[in-house]
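Structure data (mmCIF, N, CA and C atoms) from my_file37.cif:
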data_entry
loop_
_atom_site.label_atom_id
_atom_site.label_comp_id
_atom_site.auth_asym_id
_atom_site.auth_seq_id
_atom_site.Cartn_x
_atom_site.Cartn_y
_atom_site.Cartn_z
N MET D 222 164.64 139.73 45.92
CA MET D 222 164.12 139.66 44.57
C MET D 222 162.60 139.70 44.61
N LEU D 223 162.02 140.51 43.76
CA LEU D 223 160.57 140.66 43.71
C LEU D 223 159.91 139.46 43.03
N SER D 224 158.79 139.03 43.59
CA SER D 224 158.02 137.98 42.92
C SER D 224 157.21 138.61 41.80
N ASP D 225 156.71 137.77 40.90
CA ASP D 225 155.84 138.27 39.82
C ASP D 225 154.62 138.97 40.39
N LEU D 226 154.08 138.43 41.47
CA LEU D 226 152.90 139.02 42.09
C LEU D 226 153.22 140.39 42.67
N ASP D 227 154.32 140.51 43.41
CA ASP D 227 154.72 141.80 43.98
C ASP D 227 154.91 142.84 42.87
N LEU D 228 155.57 142.44 41.81
CA LEU D 228 155.81 143.34 40.69
C LEU D 228 154.50 143.74 40.00
N ALA D 229 153.60 142.78 39.84
CA ALA D 229 152.31 143.06 39.21
C ALA D 229 151.50 144.06 40.04
N ILE D 230 151.49 143.89 41.35
CA ILE D 230 150.77 144.81 42.23
C ILE D 230 151.37 146.20 42.12
N TYR D 231 152.69 146.27 42.24
CA TYR D 231 153.38 147.56 42.19
C TYR D 231 153.09 148.28 40.86
N LYS D 232 153.27 147.56 39.75
CA LYS D 232 153.10 148.19 38.44
C LYS D 232 151.64 148.56 38.17
N THR D 233 150.71 147.73 38.61
CA THR D 233 149.30 148.04 38.40
C THR D 233 148.93 149.34 39.10
N VAL D 234 149.38 149.50 40.32
CA VAL D 234 149.08 150.72 41.09
C VAL D 234 149.80 151.92 40.51
N HIS D 235 151.07 151.78 40.20
CA HIS D 235 151.86 152.94 39.77
C HIS D 235 151.73 153.27 38.28
N ASP D 236 151.31 152.30 37.46
CA ASP D 236 151.12 152.57 36.04
C ASP D 236 149.75 153.16 35.74
N PHE D 237 148.86 153.14 36.74
CA PHE D 237 147.54 153.75 36.55
C PHE D 237 147.75 155.23 36.24
N ARG D 238 146.98 155.76 35.32
CA ARG D 238 147.15 157.18 34.94
C ARG D 238 146.98 158.06 36.18
N GLY D 239 148.05 158.72 36.57
CA GLY D 239 148.05 159.54 37.77
C GLY D 239 148.60 158.81 38.99
N GLY D 240 148.94 157.53 38.82
CA GLY D 240 149.57 156.75 39.87
C GLY D 240 148.64 156.37 41.02
N ALA D 241 149.26 156.04 42.14
CA ALA D 241 148.53 155.58 43.32
C ALA D 241 147.53 156.62 43.81
N LYS D 242 147.91 157.89 43.71
CA LYS D 242 147.02 158.96 44.20
C LYS D 242 145.72 158.97 43.39
N ALA D 243 145.81 158.90 42.08
CA ALA D 243 144.62 158.91 41.23
C ALA D 243 143.80 157.63 41.42
N LEU D 244 144.47 156.50 41.52
CA LEU D 244 143.77 155.23 41.70
C LEU D 244 143.05 155.19 43.04
N SER D 245 143.69 155.70 44.09
CA SER D 245 143.08 155.68 45.42
C SER D 245 141.79 156.49 45.47
N ALA D 246 141.67 157.49 44.60
CA ALA D 246 140.45 158.30 44.56
C ALA D 246 139.23 157.47 44.15
N HIS D 247 139.47 156.35 43.45
CA HIS D 247 138.39 155.46 43.02
C HIS D 247 138.13 154.33 44.01
N LEU D 248 138.97 154.24 45.02
CA LEU D 248 138.88 153.16 46.00
C LEU D 248 138.64 153.76 47.39
N SER D 249 138.33 152.92 48.33
CA SER D 249 138.14 153.39 49.71
C SER D 249 139.44 153.28 50.49
N VAL D 250 140.47 153.96 50.01
CA VAL D 250 141.78 153.88 50.66
C VAL D 250 142.53 155.19 50.42
N ARG D 251 143.32 155.58 51.39
CA ARG D 251 144.12 156.81 51.26
C ARG D 251 145.30 156.54 50.32
N PRO D 252 145.76 157.58 49.61
CA PRO D 252 146.86 157.40 48.67
C PRO D 252 148.11 156.78 49.31
N GLY D 253 148.49 157.26 50.48
CA GLY D 253 149.68 156.73 51.14
C GLY D 253 149.52 155.28 51.53
N THR D 254 148.32 154.92 51.96
CA THR D 254 148.05 153.52 52.33
C THR D 254 148.16 152.63 51.10
N LEU D 255 147.59 153.09 49.98
CA LEU D 255 147.67 152.30 48.76
C LEU D 255 149.12 152.16 48.30
N GLN D 256 149.88 153.23 48.37
CA GLN D 256 151.30 153.15 48.00
C GLN D 256 152.03 152.14 48.89
N ASN D 257 151.74 152.15 50.18
CA ASN D 257 152.38 151.20 51.08
C ASN D 257 151.97 149.76 50.77
N LYS D 258 150.70 149.56 50.45
CA LYS D 258 150.23 148.21 50.14
C LYS D 258 150.83 147.70 48.83
N ALA D 259 151.17 148.60 47.93
CA ALA D 259 151.78 148.22 46.66
C ALA D 259 153.29 148.10 46.74
N ASP D 260 153.87 148.56 47.84
CA ASP D 260 155.33 148.53 48.02
C ASP D 260 155.75 147.18 48.58
N PRO D 261 156.45 146.35 47.81
CA PRO D 261 156.86 145.03 48.28
C PRO D 261 157.81 145.09 49.48
N ALA D 262 158.46 146.22 49.69
CA ALA D 262 159.39 146.36 50.82
C ALA D 262 158.66 146.71 52.12
N CYS D 263 157.40 147.10 52.03
CA CYS D 263 156.63 147.49 53.21
C CYS D 263 156.01 146.25 53.84
N GLU D 264 156.44 145.94 55.06
CA GLU D 264 155.96 144.73 55.72
C GLU D 264 154.74 144.96 56.60
N THR D 265 154.33 146.20 56.76
CA THR D 265 153.20 146.50 57.65
C THR D 265 151.87 146.64 56.92
N HIS D 266 151.89 146.81 55.61
CA HIS D 266 150.67 146.98 54.84
C HIS D 266 150.60 145.91 53.75
N HIS D 267 149.46 145.26 53.61
CA HIS D 267 149.29 144.21 52.61
C HIS D 267 147.96 144.38 51.89
N LEU D 268 147.95 144.06 50.63
CA LEU D 268 146.77 144.17 49.81
C LEU D 268 145.89 142.94 50.02
N SER D 269 144.61 143.14 50.29
CA SER D 269 143.69 142.01 50.42
C SER D 269 143.24 141.57 49.03
N VAL D 270 142.67 140.39 48.95
CA VAL D 270 142.16 139.90 47.68
C VAL D 270 141.04 140.81 47.18
N SER D 271 140.17 141.26 48.08
CA SER D 271 139.08 142.16 47.70
C SER D 271 139.62 143.48 47.16
N GLU D 272 140.66 143.99 47.78
CA GLU D 272 141.27 145.23 47.30
C GLU D 272 141.93 145.03 45.93
N ALA D 273 142.58 143.88 45.76
CA ALA D 273 143.20 143.58 44.47
C ALA D 273 142.13 143.51 43.37
N LEU D 274 141.00 142.90 43.68
CA LEU D 274 139.90 142.83 42.72
C LEU D 274 139.40 144.23 42.38
N ALA D 275 139.20 145.06 43.39
CA ALA D 275 138.73 146.43 43.15
C ALA D 275 139.72 147.20 42.28
N ILE D 276 141.00 147.04 42.54
CA ILE D 276 142.04 147.72 41.75
C ILE D 276 141.97 147.27 40.29
N MET D 277 141.82 145.96 40.08
CA MET D 277 141.76 145.46 38.71
C MET D 277 140.52 145.97 37.99
N LEU D 278 139.38 145.98 38.68
CA LEU D 278 138.14 146.44 38.04
C LEU D 278 138.19 147.93 37.72
N VAL D 279 138.76 148.72 38.61
CA VAL D 279 138.85 150.16 38.38
C VAL D 279 139.87 150.46 37.27
N SER D 280 141.01 149.80 37.33
CA SER D 280 142.10 150.12 36.40
C SER D 280 141.96 149.43 35.05
N GLY D 281 141.24 148.31 35.02
CA GLY D 281 141.18 147.52 33.79
C GLY D 281 142.50 146.81 33.51
N ASP D 282 143.36 146.75 34.51
CA ASP D 282 144.70 146.15 34.41
C ASP D 282 144.66 144.83 35.19
N TYR D 283 144.90 143.73 34.50
CA TYR D 283 144.75 142.41 35.12
C TYR D 283 146.08 141.70 35.35
N ARG D 284 147.16 142.46 35.46
CA ARG D 284 148.47 141.83 35.71
C ARG D 284 148.49 141.06 37.03
N ILE D 285 147.76 141.54 38.03
CA ILE D 285 147.71 140.83 39.32
C ILE D 285 147.07 139.46 39.13
N LEU D 286 145.96 139.43 38.41
CA LEU D 286 145.27 138.17 38.14
C LEU D 286 146.16 137.20 37.38
N HIS D 287 146.86 137.72 36.38
CA HIS D 287 147.74 136.86 35.58
C HIS D 287 148.92 136.35 36.42
N ALA D 288 149.44 137.18 37.31
CA ALA D 288 150.54 136.73 38.18
C ALA D 288 150.06 135.63 39.12
N LEU D 289 148.87 135.80 39.67
CA LEU D 289 148.30 134.76 40.54
C LEU D 289 148.10 133.46 39.76
N ALA D 290 147.62 133.57 38.54
CA ALA D 290 147.41 132.39 37.72
C ALA D 290 148.73 131.67 37.44
N ARG D 291 149.77 132.43 37.09
CA ARG D 291 151.08 131.81 36.82
C ARG D 291 151.61 131.10 38.07
N GLU D 292 151.45 131.74 39.23
CA GLU D 292 151.94 131.15 40.48
C GLU D 292 151.25 129.83 40.81
N THR D 293 150.02 129.65 40.32
CA THR D 293 149.25 128.46 40.62
C THR D 293 149.10 127.53 39.40
N GLN D 294 149.94 127.78 38.39
CA GLN D 294 149.94 126.96 37.18
C GLN D 294 148.59 126.98 36.45
N HIS D 295 148.02 128.18 36.35
CA HIS D 295 146.76 128.38 35.64
C HIS D 295 146.96 129.45 34.57
N ALA D 296 145.95 129.61 33.73
CA ALA D 296 145.97 130.64 32.70
C ALA D 296 144.66 131.41 32.76
N CYS D 297 144.71 132.66 32.36
CA CYS D 297 143.52 133.52 32.35
C CYS D 297 143.16 133.86 30.91
N ILE D 298 141.88 133.79 30.63
CA ILE D 298 141.40 134.16 29.31
C ILE D 298 140.16 135.03 29.50
N ARG D 299 140.18 136.19 28.88
CA ARG D 299 139.05 137.12 28.99
C ARG D 299 137.87 136.60 28.18
N LEU D 300 136.69 136.62 28.77
CA LEU D 300 135.48 136.20 28.10
C LEU D 300 134.66 137.42 27.69
N SER D 301 133.96 137.29 26.59
CA SER D 301 133.16 138.40 26.06
C SER D 301 131.81 138.48 26.77
N ASP D 302 131.18 139.65 26.69
CA ASP D 302 129.81 139.82 27.14
C ASP D 302 128.92 139.26 26.04
N LEU D 303 128.15 138.26 26.38
CA LEU D 303 127.39 137.55 25.35
C LEU D 303 125.89 137.65 25.54
N SER D 304 125.44 138.71 26.16
CA SER D 304 124.00 138.87 26.31
C SER D 304 123.38 139.10 24.93
N GLY D 305 122.20 138.56 24.73
CA GLY D 305 121.52 138.73 23.45
C GLY D 305 122.07 137.86 22.35
N VAL D 306 122.45 136.62 22.66
CA VAL D 306 123.03 135.71 21.68
C VAL D 306 121.94 135.24 20.70
N THR D 307 122.27 135.28 19.42
CA THR D 307 121.36 134.79 18.39
C THR D 307 121.87 133.47 17.83
N ASP D 308 121.04 132.81 17.03
CA ASP D 308 121.45 131.56 16.39
C ASP D 308 122.66 131.79 15.48
N VAL D 309 122.65 132.91 14.77
CA VAL D 309 123.77 133.24 13.89
C VAL D 309 125.04 133.44 14.70
N ASP D 310 124.93 134.11 15.86
CA ASP D 310 126.10 134.29 16.74
C ASP D 310 126.65 132.95 17.19
N LEU D 311 125.75 132.04 17.54
CA LEU D 311 126.16 130.72 18.00
C LEU D 311 126.87 129.96 16.87
N LEU D 312 126.31 129.99 15.69
CA LEU D 312 126.92 129.31 14.55
C LEU D 312 128.28 129.94 14.21
N SER D 313 128.35 131.25 14.26
CA SER D 313 129.61 131.96 14.00
C SER D 313 130.66 131.58 15.04
N SER D 314 130.24 131.50 16.28
CA SER D 314 131.16 131.12 17.36
C SER D 314 131.68 129.71 17.15
N TYR D 315 130.81 128.80 16.75
CA TYR D 315 131.21 127.42 16.49
C TYR D 315 132.21 127.35 15.33
N ALA D 316 131.93 128.10 14.26
CA ALA D 316 132.83 128.13 13.12
C ALA D 316 134.19 128.72 13.49
N THR D 317 134.17 129.79 14.29
CA THR D 317 135.42 130.42 14.74
C THR D 317 136.24 129.44 15.57
N MET D 318 135.57 128.70 16.46
CA MET D 318 136.28 127.72 17.29
C MET D 318 136.98 126.70 16.40
N ASN D 319 136.28 126.19 15.39
CA ASN D 319 136.89 125.19 14.51
C ASN D 319 138.02 125.78 13.67
N LYS D 320 137.89 127.02 13.25
CA LYS D 320 138.97 127.69 12.52
C LYS D 320 140.21 127.79 13.38
N GLU D 321 140.02 128.17 14.66
CA GLU D 321 141.16 128.31 15.58
C GLU D 321 141.82 126.96 15.84
N LEU D 322 141.03 125.90 15.95
CA LEU D 322 141.61 124.57 16.12
C LEU D 322 142.42 124.18 14.89
N GLY D 323 141.94 124.57 13.71
CA GLY D 323 142.69 124.33 12.47
C GLY D 323 144.00 125.10 12.44
N ASP D 324 143.98 126.32 12.96
CA ASP D 324 145.21 127.12 13.03
C ASP D 324 146.25 126.46 13.94
N VAL D 325 145.78 125.86 15.03
CA VAL D 325 146.71 125.13 15.92
C VAL D 325 147.34 123.98 15.15
N ALA D 326 146.51 123.21 14.46
CA ALA D 326 147.01 122.07 13.69
C ALA D 326 148.01 122.52 12.63
N ALA D 327 147.73 123.62 11.96
CA ALA D 327 148.64 124.13 10.93
C ALA D 327 149.99 124.52 11.54
N GLU D 328 149.96 125.17 12.70
CA GLU D 328 151.22 125.55 13.37
C GLU D 328 152.01 124.31 13.77
N LEU D 329 151.31 123.29 14.26
CA LEU D 329 151.99 122.05 14.64
C LEU D 329 152.63 121.37 13.43
N VAL D 330 151.90 121.30 12.33
CA VAL D 330 152.44 120.69 11.10
C VAL D 330 153.70 121.42 10.66
N GLU D 331 153.62 122.76 10.66
CA GLU D 331 154.76 123.56 10.24
C GLU D 331 155.96 123.37 11.18
N ALA D 332 155.68 123.34 12.49
CA ALA D 332 156.77 123.20 13.46
C ALA D 332 157.43 121.83 13.37
N PHE D 333 156.64 120.79 13.13
CA PHE D 333 157.19 119.44 13.08
C PHE D 333 157.83 119.10 11.73
N ALA D 334 157.72 119.99 10.76
CA ALA D 334 158.24 119.72 9.41
C ALA D 334 159.72 119.36 9.41
N ASP D 335 160.50 120.03 10.25
CA ASP D 335 161.95 119.74 10.29
C ASP D 335 162.31 118.83 11.47
N GLY D 336 161.32 118.36 12.20
CA GLY D 336 161.57 117.44 13.31
C GLY D 336 162.01 118.10 14.60
N VAL D 337 162.10 119.43 14.62
CA VAL D 337 162.55 120.16 15.80
C VAL D 337 161.64 121.36 16.03
N ILE D 338 161.29 121.60 17.29
CA ILE D 338 160.49 122.78 17.61
C ILE D 338 161.40 123.79 18.30
N ASP D 339 161.58 124.95 17.65
CA ASP D 339 162.39 125.99 18.29
C ASP D 339 161.49 126.90 19.13
N ARG D 340 162.10 127.82 19.84
CA ARG D 340 161.37 128.69 20.77
C ARG D 340 160.33 129.54 20.05
N ALA D 341 160.67 130.06 18.88
CA ALA D 341 159.73 130.88 18.11
C ALA D 341 158.52 130.05 17.68
N GLU D 342 158.78 128.82 17.25
CA GLU D 342 157.67 127.94 16.86
C GLU D 342 156.79 127.62 18.07
N TYR D 343 157.44 127.37 19.20
CA TYR D 343 156.66 127.11 20.42
C TYR D 343 155.75 128.29 20.74
N ARG D 344 156.29 129.52 20.65
CA ARG D 344 155.48 130.71 20.93
C ARG D 344 154.30 130.82 19.98
N SER D 345 154.52 130.51 18.71
CA SER D 345 153.42 130.55 17.73
C SER D 345 152.36 129.50 18.03
N ILE D 346 152.80 128.31 18.40
CA ILE D 346 151.85 127.24 18.76
C ILE D 346 151.07 127.65 20.01
N ARG D 347 151.77 128.19 20.99
CA ARG D 347 151.13 128.62 22.24
C ARG D 347 150.08 129.69 21.96
N GLU D 348 150.43 130.67 21.13
CA GLU D 348 149.49 131.75 20.79
C GLU D 348 148.24 131.18 20.12
N GLU D 349 148.44 130.28 19.16
CA GLU D 349 147.29 129.68 18.46
C GLU D 349 146.45 128.84 19.42
N MET D 350 147.10 128.14 20.35
CA MET D 350 146.34 127.34 21.31
C MET D 350 145.50 128.22 22.23
N PHE D 351 146.06 129.34 22.68
CA PHE D 351 145.28 130.23 23.53
C PHE D 351 144.11 130.83 22.75
N GLU D 352 144.30 131.13 21.47
CA GLU D 352 143.19 131.62 20.66
C GLU D 352 142.11 130.55 20.52
N ALA D 353 142.52 129.29 20.36
CA ALA D 353 141.55 128.19 20.25
C ALA D 353 140.81 127.99 21.57
N ILE D 354 141.54 128.05 22.67
CA ILE D 354 140.90 127.90 23.98
C ILE D 354 139.91 129.02 24.21
N ASN D 355 140.29 130.23 23.85
CA ASN D 355 139.40 131.37 24.00
C ASN D 355 138.13 131.18 23.17
N ALA D 356 138.28 130.68 21.95
CA ALA D 356 137.12 130.43 21.08
C ALA D 356 136.22 129.36 21.68
N GLN D 357 136.82 128.32 22.26
CA GLN D 357 136.02 127.27 22.90
C GLN D 357 135.25 127.82 24.10
N LEU D 358 135.92 128.62 24.90
CA LEU D 358 135.25 129.20 26.07
C LEU D 358 134.16 130.18 25.67
N GLU D 359 134.37 130.91 24.58
CA GLU D 359 133.33 131.82 24.10
C GLU D 359 132.11 131.03 23.65
N LEU D 360 132.32 129.93 22.93
CA LEU D 360 131.19 129.09 22.52
C LEU D 360 130.47 128.55 23.75
N LEU D 361 131.22 128.11 24.73
CA LEU D 361 130.62 127.59 25.95
C LEU D 361 129.78 128.66 26.65
N LYS D 362 130.30 129.88 26.70
CA LYS D 362 129.57 130.99 27.32
C LYS D 362 128.29 131.30 26.52
N ARG D 363 128.38 131.26 25.21
CA ARG D 363 127.20 131.50 24.38
C ARG D 363 126.13 130.43 24.66
N LEU D 364 126.56 129.19 24.80
CA LEU D 364 125.62 128.11 25.11
C LEU D 364 124.99 128.29 26.48
N GLU D 365 125.78 128.77 27.43
CA GLU D 365 125.26 128.99 28.78
C GLU D 365 124.13 130.02 28.77
N VAL D 366 124.28 131.07 27.97
CA VAL D 366 123.25 132.10 27.86
C VAL D 366 121.94 131.49 27.36
N LEU D 367 122.04 130.49 26.51
CA LEU D 367 120.85 129.86 25.94
C LEU D 367 120.25 128.77 26.82
N ALA D 368 121.00 128.30 27.80
CA ALA D 368 120.55 127.19 28.64
C ALA D 368 119.34 127.59 29.48
N ASN D 369 118.35 126.70 29.51
CA ASN D 369 117.16 126.92 30.33
C ASN D 369 117.42 126.43 31.74
N ASP D 370 116.93 127.19 32.72
CA ASP D 370 117.12 126.80 34.14
C ASP D 370 116.06 125.87 34.60
#

Can you give me the file's structure in the form of structure tokens?
Amino acid sequence: MLSDLDLAIYKTVHDFRGGAKALSAHLSVRPGTLQNKADPACETHHLSVSEALAIMLVSGDYRILHALARETQHACIRLSDLSGVTDVDLLSSYATMNKELGDVAAELVEAFADGVIDRAEYRSIREEMFEAINAQLELLKRLEVLAND
């Protein structure tokens, strides 16, 4: 049985437009070698962490990162490029964070209304929580840009 990580590596390499051959053209690896490294049944070739990073950066596909996070009980959240932050951006980010926290509270109130949380309600709460976490991390990143060294 394939692990999430094995599947993520395989799909990231093979789902790239043009497959392993096209992806290998952007990396310092031969197409056959990359195919072998992405093949979970191949015991002689393995993907290094540096190679996995290069694949993710070239492909823009972060399934490998997400699989690693799940395996280690972590979560991944993409952060925005925040160069050139203004006071208005900071205030907007703060307001967005509070709006997202309110959305979490609203989902919780709705879910608890009947005293039972079903799977669909859980998914809605989870989605709102990840949006709130992302908003908090974006505010933190905006503050970091403003921090004096």

Residue nearest D:Tyr315 among D:Val270, D:Leu360, D:Asp225, D:Leu255 (counting only C-alpha atoms): D:Leu360

Alpha helix (DSSP H) residues, from DSSP on the backbone, in stretch 279-366 of chain D, as an MDAnalysis selection string: chainID D and resid 279:280 284:292 308:333 340:366

Residues matched by the PyMOL selection byres ((chain D and resi 259) around 8) as an MDAnalysis selection string: chainID D and resid 227:232 234:235 253:258 260:263 266:268

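Checking D:Leu367, D:Val309, D:Ile298, D:Ala334 one by one against D:Phe351, counting all atoms listed in the file, you find the shortest gap at D:Ile298.
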
Interatomic distance (Å, one decimal) between atom CA of D:Gly281 and atom CA of D:His247: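 Interatomic distance, atom CA of D:Gly281 to atom CA of D:His247: 12.5 Å.
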
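Taking atom CA of D:Ser224 and atom C of D:Met350 as endpoints, the distance between them is 26.1 Å.
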
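Using only C-alpha atoms, the shortest contact distance between D:Gly239 and any of D:Ser269, D:Met318, D:Asp370, D:Ser280 is found at D:Ser280.
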
Atom N of D:Phe237 to atom N of D:Glu352, distance in Å rounded to a single decimal: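 One can read the atom N of D:Phe237 to atom N of D:Glu352 distance as 27.2 Å.
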
From D:Gln357, D:Glu348, D:Leu226, D:Ala246, residue lying nearest D:Arg291 [only C-alpha atoms]: D:Leu226

List every protein, DNA or RNA residue that has at least one atom no more than 5 Å from (124.0, 132.4, 22.6) in the file's coordinates, counting only N, CA and C atoms, and write the result as an mmCIF file with N, CA and C atoms, in the frame of the given file.
data_model
loop_
_atom_site.group_PDB
_atom_site.id
_atom_site.type_symbol
_atom_site.label_atom_id
_atom_site.label_comp_id
_atom_site.auth_asym_id
_atom_site.auth_seq_id
_atom_site.Cartn_x
_atom_site.Cartn_y
_atom_site.Cartn_z
ATOM 1 N N VAL D 306 122.450 136.620 22.660
ATOM 2 C CA VAL D 306 123.030 135.710 21.680
ATOM 3 C C VAL D 306 121.940 135.240 20.700
ATOM 4 N N THR D 307 122.270 135.280 19.420
ATOM 5 C CA THR D 307 121.360 134.790 18.390
ATOM 6 C C THR D 307 121.870 133.470 17.830
ATOM 7 N N ARG D 363 128.380 131.260 25.210
ATOM 8 C CA ARG D 363 127.200 131.500 24.380
ATOM 9 C C ARG D 363 126.130 130.430 24.660
ATOM 10 N N LEU D 364 126.560 129.190 24.800
ATOM 11 C CA LEU D 364 125.620 128.110 25.110
ATOM 12 C C LEU D 364 124.990 128.290 26.480
ATOM 13 N N LEU D 367 122.040 130.490 26.510
ATOM 14 C CA LEU D 367 120.850 129.860 25.940
ATOM 15 C C LEU D 367 120.250 128.770 26.820
#

Counting only C-alpha atoms, the option among D:Asn355, D:Ala327, D:Asn369, D:Arg238 closest to D:Ser301: D:Asn355
